[in-house]
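Student: One structure coming up, written as structure tokens, with questions to follow.
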Amino acid sequence: MPVTVFADLFHKSGLSHAEVAFELGVSEKTIRRYETGETAAKPRDIMAMRGLVAAGAKPTHEASSSFEFIDLFAGIGGLRLGFEAIGGRCVFTSEWDRYSQKTYRANFPHDEHEIRGDITIIDASEIPRHDVLLAGFPCQPFSIAGVSKKNALGRAHGFACDTQGTLFFDVQRIIAHHRPKAFLLENVKNLVSHDKGRTFATIREVLQNELGYFIDWKVIDAKAWLPQHRERIFIVGFQEDCGFSFENFPTPPVVSGPKLGTILHPENGEEAPDGHFTGGNIARVSDKYTLTDHLWKYLQDYAAKHQAKGNGFGFGLVGPDDVARTLSARYYKDGSEILVRQEGRNPRRLTPRECARLMGFEEPRGASFKIPVSDTQAYRQFGNSVCVPAVKAVAEHMAPFILQSAKAIPQVA
């Protein structure tokens with residue numbers, strides 16, 4: 001696929017789709033269409049892009065942002081993308097994993113703030129003032145898989161897990177210090193039922209009664225926007241009783257959601273070769289992603305053994321017309337939860353590029369999200385991340401309440 005003039009300028013700019021959309025005053029969808037050549041870029045937009053590249057492409061929207069937010073347990077920036085889309089500006093980032101930091105920096109290169117590490121050793125006073133706090137605090141202590149594994153090993157989970165479970169209380173102390181206008185917390189669906197509901201009851205007690213915020217929450221399945229069954233809880237809190245509720249949250253019909261074929265490499269020449277993911281004249285998926293005979297036999301035998309016992313454990317074999325299971329951080333091990341059928345061959349894993357699309361970091365045929373880490377790290381990062389379109393939908397639902405008085409409530413310096 002030939003590279004368009006706009007695509008060349010876009011990649012030279014080093015800006016994200018959201019940043020370029022803001023600079024040009026158009027939608028992100030328009031930018032992506034310009035990039036792929038689906039829509040011819042207007043001359044004025046080409047000129048604007050040349051100007052951005054010539055000026056070093058530093059985004060100019062920082063001073064005119066509608067509100068400011070902080071990104072805690074940031075991962076690779078999924079929550080951030082949703083709130084940048086409604087006019088927010090990130091003023092603080094915390095992420096302890098160095099590989100995730102590398103991916104984050106590659107995709108948000110123009111931040112004036114550094115990426116801070118372990119949030120447990122950062123004093124709340126070191127964090128700048130902000131209107132909105134975002135936190136996808138670690139979910140392993142509460143996830144079904146995480147609890148099962150820790151039970152098997154005789155280890156604590158939930159708030160008894162002293163390495164991760166107590167990180168919620170770091171969110172608490174930062175909210176208590178800064179009193180932001182609003183917050184969004186994201187976690188696994190199992191958070192609601194963990195420890196017979198006591199874990200979530202503790203979280204509600206802290207947020208509502210100790211901190212005094214008005215909260216609402218909703219479990220949202222990303223398959224309304226993406227070809228992946230992925231349920232996550234989103235907890236929203238506002239300092240004022242502004243009337244926010246998830247009651248009328250607009251969710252596209254799940255039954256008409258996209259299928260896996262929309263994010264798979266077409267392998268017919270429609271895409272340009274993409275690093276070590278695809279190659280050749282028709283950008284065929286690299287053989288490295290096809291399962292070896294040994295691994296494929298192991299997965300089949302494993303599934304057969306558990307089926308004989310009446311268990312549901314096994315691999316997930318999918319094709320273009322299917323919706324995938326939840327992508328997990330362990331995907332790098334054997335890819336078993338999402339294996340793509342191949343005619344006359346063993347199935348294959350998704351490529352990291354397809355994982356980026358499956359999580360909504362890119363459009364179905366996009367290739368702009370930078371993946372500067374190994375496949376193993378990329379699988380972990382996407383498996384631990386959020387589905388960006390679901391976050392954007394939540395951000396848009398919150399936007400009227402954030403923007404109506406984002407600067408109205410005094411904050412502690």
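Each chain in the structure tokens gets a letter, A, B, ..., in the order shown, and its residues are numbered from 1; ligands are numbered from 1 in order too.
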Report as number ranges by chain: the residues of range 66-200 of chain A with a DSSP assignment of alpha helix (DSSP H), based on the backbone of this structure.

Tutor: A: 78-84, 98-107, 144-152, 168-178, 198-200

Student: Using the selection just defined, write its residues with C-alpha atoms as an mmCIF file, in the first residue's frame.

Tutor:
```
data_model
loop_
_atom_site.group_PDB
_atom_site.id
_atom_site.type_symbol
_atom_site.label_atom_id
_atom_site.label_comp_id
_atom_site.auth_asym_id
_atom_site.auth_seq_id
_atom_site.Cartn_x
_atom_site.Cartn_y
_atom_site.Cartn_z
ATOM 1 C CA GLY A 78 -5.106 3.460 27.508
ATOM 2 C CA LEU A 79 -6.988 5.546 30.065
ATOM 3 C CA ARG A 80 -5.071 8.625 28.984
ATOM 4 C CA LEU A 81 -6.169 8.274 25.359
ATOM 5 C CA GLY A 82 -9.813 8.312 26.375
ATOM 6 C CA PHE A 83 -9.497 11.539 28.338
ATOM 7 C CA GLU A 84 -7.284 13.298 25.820
ATOM 8 C CA ARG A 98 10.235 -0.104 32.807
ATOM 9 C CA TYR A 99 9.048 -1.850 29.656
ATOM 10 C CA SER A 100 5.643 -0.199 29.878
ATOM 11 C CA GLN A 101 7.419 3.111 30.450
ATOM 12 C CA LYS A 102 9.299 2.565 27.186
ATOM 13 C CA THR A 103 6.087 2.028 25.222
ATOM 14 C CA TYR A 104 4.399 4.954 26.967
ATOM 15 C CA ARG A 105 7.271 7.326 26.123
ATOM 16 C CA ALA A 106 7.307 6.186 22.501
ATOM 17 C CA ASN A 107 3.633 7.056 22.079
ATOM 18 C CA ILE A 144 -10.587 -14.774 38.868
ATOM 19 C CA ALA A 145 -7.334 -16.118 37.432
ATOM 20 C CA GLY A 146 -5.229 -14.274 39.996
ATOM 21 C CA VAL A 147 -7.302 -15.500 42.941
ATOM 22 C CA SER A 148 -7.298 -19.094 41.686
ATOM 23 C CA LYS A 149 -3.532 -19.078 41.243
ATOM 24 C CA LYS A 150 -2.883 -17.580 44.677
ATOM 25 C CA ASN A 151 -5.294 -20.002 46.346
ATOM 26 C CA ALA A 152 -3.444 -22.898 44.721
ATOM 27 C CA PHE A 168 -5.861 1.120 46.145
ATOM 28 C CA PHE A 169 -4.988 2.941 49.347
ATOM 29 C CA ASP A 170 -2.340 4.941 47.476
ATOM 30 C CA VAL A 171 -5.170 6.135 45.258
ATOM 31 C CA GLN A 172 -7.064 7.018 48.431
ATOM 32 C CA ARG A 173 -4.264 9.143 49.906
ATOM 33 C CA ILE A 174 -3.763 11.063 46.631
ATOM 34 C CA ILE A 175 -7.483 11.797 46.323
ATOM 35 C CA ALA A 176 -7.568 12.867 49.967
ATOM 36 C CA HIS A 177 -4.675 15.283 49.436
ATOM 37 C CA HIS A 178 -5.707 16.857 46.126
ATOM 38 C CA ARG A 198 -16.375 -7.384 51.172
ATOM 39 C CA THR A 199 -13.551 -5.981 49.030
ATOM 40 C CA PHE A 200 -15.886 -3.791 47.009
#
```

Student: Excluding Asp375 in chain A and residues on its chain fewer than 6 positions from it, collect all residues at most 10 Å away from it, counting only C-alpha atoms, and give them as an MDAnalysis selection string.

Tutor: chainID A and resid 276:277 332 351:353 381

Student: Store the residues picked out above, limited to N, CA and C atoms, as an mmCIF file, in the first residue's frame.

Tutor:
```
data_model
loop_
_atom_site.group_PDB
_atom_site.id
_atom_site.type_symbol
_atom_site.label_atom_id
_atom_site.label_comp_id
_atom_site.auth_asym_id
_atom_site.auth_seq_id
_atom_site.Cartn_x
_atom_site.Cartn_y
_atom_site.Cartn_z
ATOM 1 N N HIS A 276 8.618 -6.992 12.093
ATOM 2 C CA HIS A 276 8.745 -8.450 12.076
ATOM 3 C C HIS A 276 7.397 -9.141 12.216
ATOM 4 N N PHE A 277 6.300 -8.365 12.259
ATOM 5 C CA PHE A 277 4.973 -8.971 12.359
ATOM 6 C C PHE A 277 4.548 -9.565 11.022
ATOM 7 N N TYR A 332 1.559 -14.420 26.048
ATOM 8 C CA TYR A 332 2.865 -14.739 25.477
ATOM 9 C C TYR A 332 3.274 -16.187 25.729
ATOM 10 N N THR A 351 -0.617 -11.310 16.285
ATOM 11 C CA THR A 351 0.615 -10.526 16.368
ATOM 12 C C THR A 351 0.393 -9.383 17.361
ATOM 13 N N PRO A 352 1.453 -8.818 17.915
ATOM 14 C CA PRO A 352 1.267 -7.653 18.787
ATOM 15 C C PRO A 352 0.499 -6.522 18.099
ATOM 16 N N ARG A 353 0.684 -6.354 16.793
ATOM 17 C CA ARG A 353 -0.069 -5.316 16.078
ATOM 18 C C ARG A 353 -1.556 -5.617 16.138
ATOM 19 N N GLN A 381 1.742 -6.151 28.023
ATOM 20 C CA GLN A 381 1.226 -4.788 28.107
ATOM 21 C C GLN A 381 -0.197 -4.680 27.588
#
```

Student: Which is closer to Ala324 in chain A than all the others in A:Asn281, A:Gln228, A:Asn384, A:Asn346, using only C-alpha atoms?

Tutor: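 Of A:Asn281, A:Gln228, A:Asn384, A:Asn346, the one nearest Ala324 in chain A, counting only C-alpha atoms, is A:Gln228.
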
Student: Would you list the contacts of Lys297 in chain A as a tab-separated table (two decimals) with N, CA and C atoms, in the first residue's frame, taking every protein, DNA or RNA residue within 12 Å and counting only C-alpha atoms, but skipping same-chain residues closer than 4 positions in sequence?

Tutor:
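Below is the file that was written, result.tsv:
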```tsv
chain	number	residue	atom	x	y	z
A	291	LEU	N	1.80	-21.91	15.75
A	291	LEU	CA	2.18	-22.83	16.81
A	291	LEU	C	2.99	-23.99	16.26
A	292	THR	N	3.97	-24.40	17.02
A	292	THR	CA	4.73	-25.59	16.65
A	292	THR	C	3.85	-26.83	16.81
A	293	ASP	N	4.22	-27.92	16.15
A	293	ASP	CA	3.46	-29.16	16.29
A	293	ASP	C	3.41	-29.60	17.75
A	301	ASP	N	-4.26	-31.92	23.74
A	301	ASP	CA	-4.32	-32.95	24.78
A	301	ASP	C	-4.81	-32.37	26.10
A	302	TYR	N	-4.36	-31.16	26.42
A	302	TYR	CA	-4.78	-30.49	27.66
A	302	TYR	C	-6.28	-30.25	27.66
A	303	ALA	N	-6.79	-29.76	26.53
A	303	ALA	CA	-8.22	-29.49	26.42
A	303	ALA	C	-9.02	-30.79	26.52
A	304	ALA	N	-8.54	-31.86	25.86
A	304	ALA	CA	-9.25	-33.14	25.88
A	304	ALA	C	-9.31	-33.70	27.29
A	315	PHE	N	-8.21	-24.30	24.84
A	315	PHE	CA	-7.85	-23.19	23.97
A	315	PHE	C	-9.09	-22.58	23.33
A	334	ASP	N	1.47	-19.24	25.62
A	334	ASP	CA	1.08	-20.21	24.59
A	334	ASP	C	-0.02	-19.67	23.66
A	336	SER	N	-3.09	-19.51	24.10
A	336	SER	CA	-4.21	-20.45	24.03
A	336	SER	C	-5.59	-19.80	24.04
A	346	ASN	N	-1.22	-25.32	11.40
A	346	ASN	CA	-1.57	-25.14	12.80
A	346	ASN	C	-2.06	-23.71	13.01
A	347	PRO	N	-2.88	-23.49	14.02
A	347	PRO	CA	-3.33	-22.11	14.29
A	347	PRO	C	-2.16	-21.24	14.73
```

Student: Mind pulling up the distance from CA of Phe234 in chain A to CA of Ser193 in chain A?

Tutor: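 Computing the Euclidean distance for CA of Ser193 in chain A and CA of Phe234 in chain A yields 14.4 Å.
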
Student: Using only C-alpha atoms, which protein or nucleic acid residues come within 12 Å of range 283-287 of chain A? Drop anything in the same chain fewer than 6 positions from it, and give the result as a tab-separated table (two decimals) with C-alpha atoms, in the first residue's frame.

Tutor:
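Output contents, as saved in part_10.tsv:
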```tsv
chain	number	residue	atom	x	y	z
A	1	MET	CA	0.00	0.00	0.00
A	264	LEU	CA	-6.61	-9.38	11.57
A	265	HIS	CA	-3.87	-8.82	9.01
A	266	PRO	CA	-5.56	-9.32	5.61
A	267	GLU	CA	-2.42	-10.94	4.14
A	268	ASN	CA	-3.44	-9.91	0.64
A	269	GLY	CA	-1.36	-6.83	-0.01
A	270	GLU	CA	-3.82	-4.31	1.39
A	271	GLU	CA	-1.39	-3.56	4.22
A	272	ALA	CA	2.23	-2.55	4.03
A	273	PRO	CA	4.75	-4.92	5.70
A	274	ASP	CA	4.98	-4.13	9.39
A	275	GLY	CA	8.32	-4.83	11.06
A	276	HIS	CA	8.75	-8.45	12.08
A	277	PHE	CA	4.97	-8.97	12.36
A	340	VAL	CA	-6.47	-17.92	14.85
A	342	GLN	CA	-5.20	-21.16	9.39
A	345	ARG	CA	-1.66	-25.21	9.03
A	346	ASN	CA	-1.57	-25.14	12.80
A	347	PRO	CA	-3.33	-22.11	14.29
A	348	ARG	CA	-1.37	-19.00	15.17
A	349	ARG	CA	-1.20	-16.36	17.84
A	350	LEU	CA	-2.27	-12.82	17.21
A	351	THR	CA	0.62	-10.53	16.37
A	352	PRO	CA	1.27	-7.65	18.79
A	353	ARG	CA	-0.07	-5.32	16.08
A	354	GLU	CA	-3.35	-7.24	16.04
```

Student: Can you tell me how far CA of Trp217 in chain A sits from CA of Ile233 in chain A, in Å to one decimal?

Tutor: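 Between these atoms lies a distance of 6.8 Å.
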
Student: To one decimal place in Å, what is the distance between CA of Gly37 in chain A and CA of Gly261 in chain A?

Tutor: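 So the answer is 20.7 Å.
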
Student: Can you pull out the residues contacting Gly243 in chain A? Cut-off 10 Å, using only C-alpha atoms, and skip same-chain residues under 2 positions away; I want them as an NGL selection string.

Tutor: :A and (214 or 238 or 240-241 or 245 or 401)

Student: Of the residues A:Cys387, A:Cys90, A:Leu358, A:Leu134, which is the one nearest to Glu231 in chain A, using only C-alpha atoms?

Tutor: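 Ranked by minimum distance to Glu231 in chain A, first place goes to A:Cys387.
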
Student: Residues at most 12 Å from Leu24 in chain A, counting only C-alpha atoms, excluding those fewer than 6 positions away in the same chain, as a tab-separated table (two decimals) with C-alpha atoms, in the first residue's frame?

Tutor:
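Saved to selection16.tsv:
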```
chain	number	residue	atom	x	y	z
A	10	PHE	CA	2.14	12.30	10.22
A	17	HIS	CA	-3.71	10.75	16.21
A	18	ALA	CA	-5.46	12.65	18.99
A	30	THR	CA	-10.55	11.83	9.70
A	31	ILE	CA	-6.85	11.74	10.55
A	34	TYR	CA	-6.05	10.78	5.66
A	41	ALA	CA	-6.28	15.17	2.81
A	42	LYS	CA	-7.37	18.76	2.22
A	43	PRO	CA	-4.58	21.10	1.02
A	44	ARG	CA	-4.93	23.25	4.14
A	45	ASP	CA	-4.42	20.17	6.32
A	46	ILE	CA	-1.35	19.14	4.36
A	47	MET	CA	0.02	22.66	4.84
A	48	ALA	CA	-0.77	22.53	8.54
A	49	MET	CA	1.06	19.21	8.85
A	50	ARG	CA	4.10	20.64	7.07
A	51	GLY	CA	4.04	23.47	9.57
A	52	LEU	CA	3.87	21.06	12.51
A	59	PRO	CA	1.61	20.12	20.39
A	60	THR	CA	0.13	23.54	21.07
A	61	HIS	CA	-2.98	22.43	22.92
```
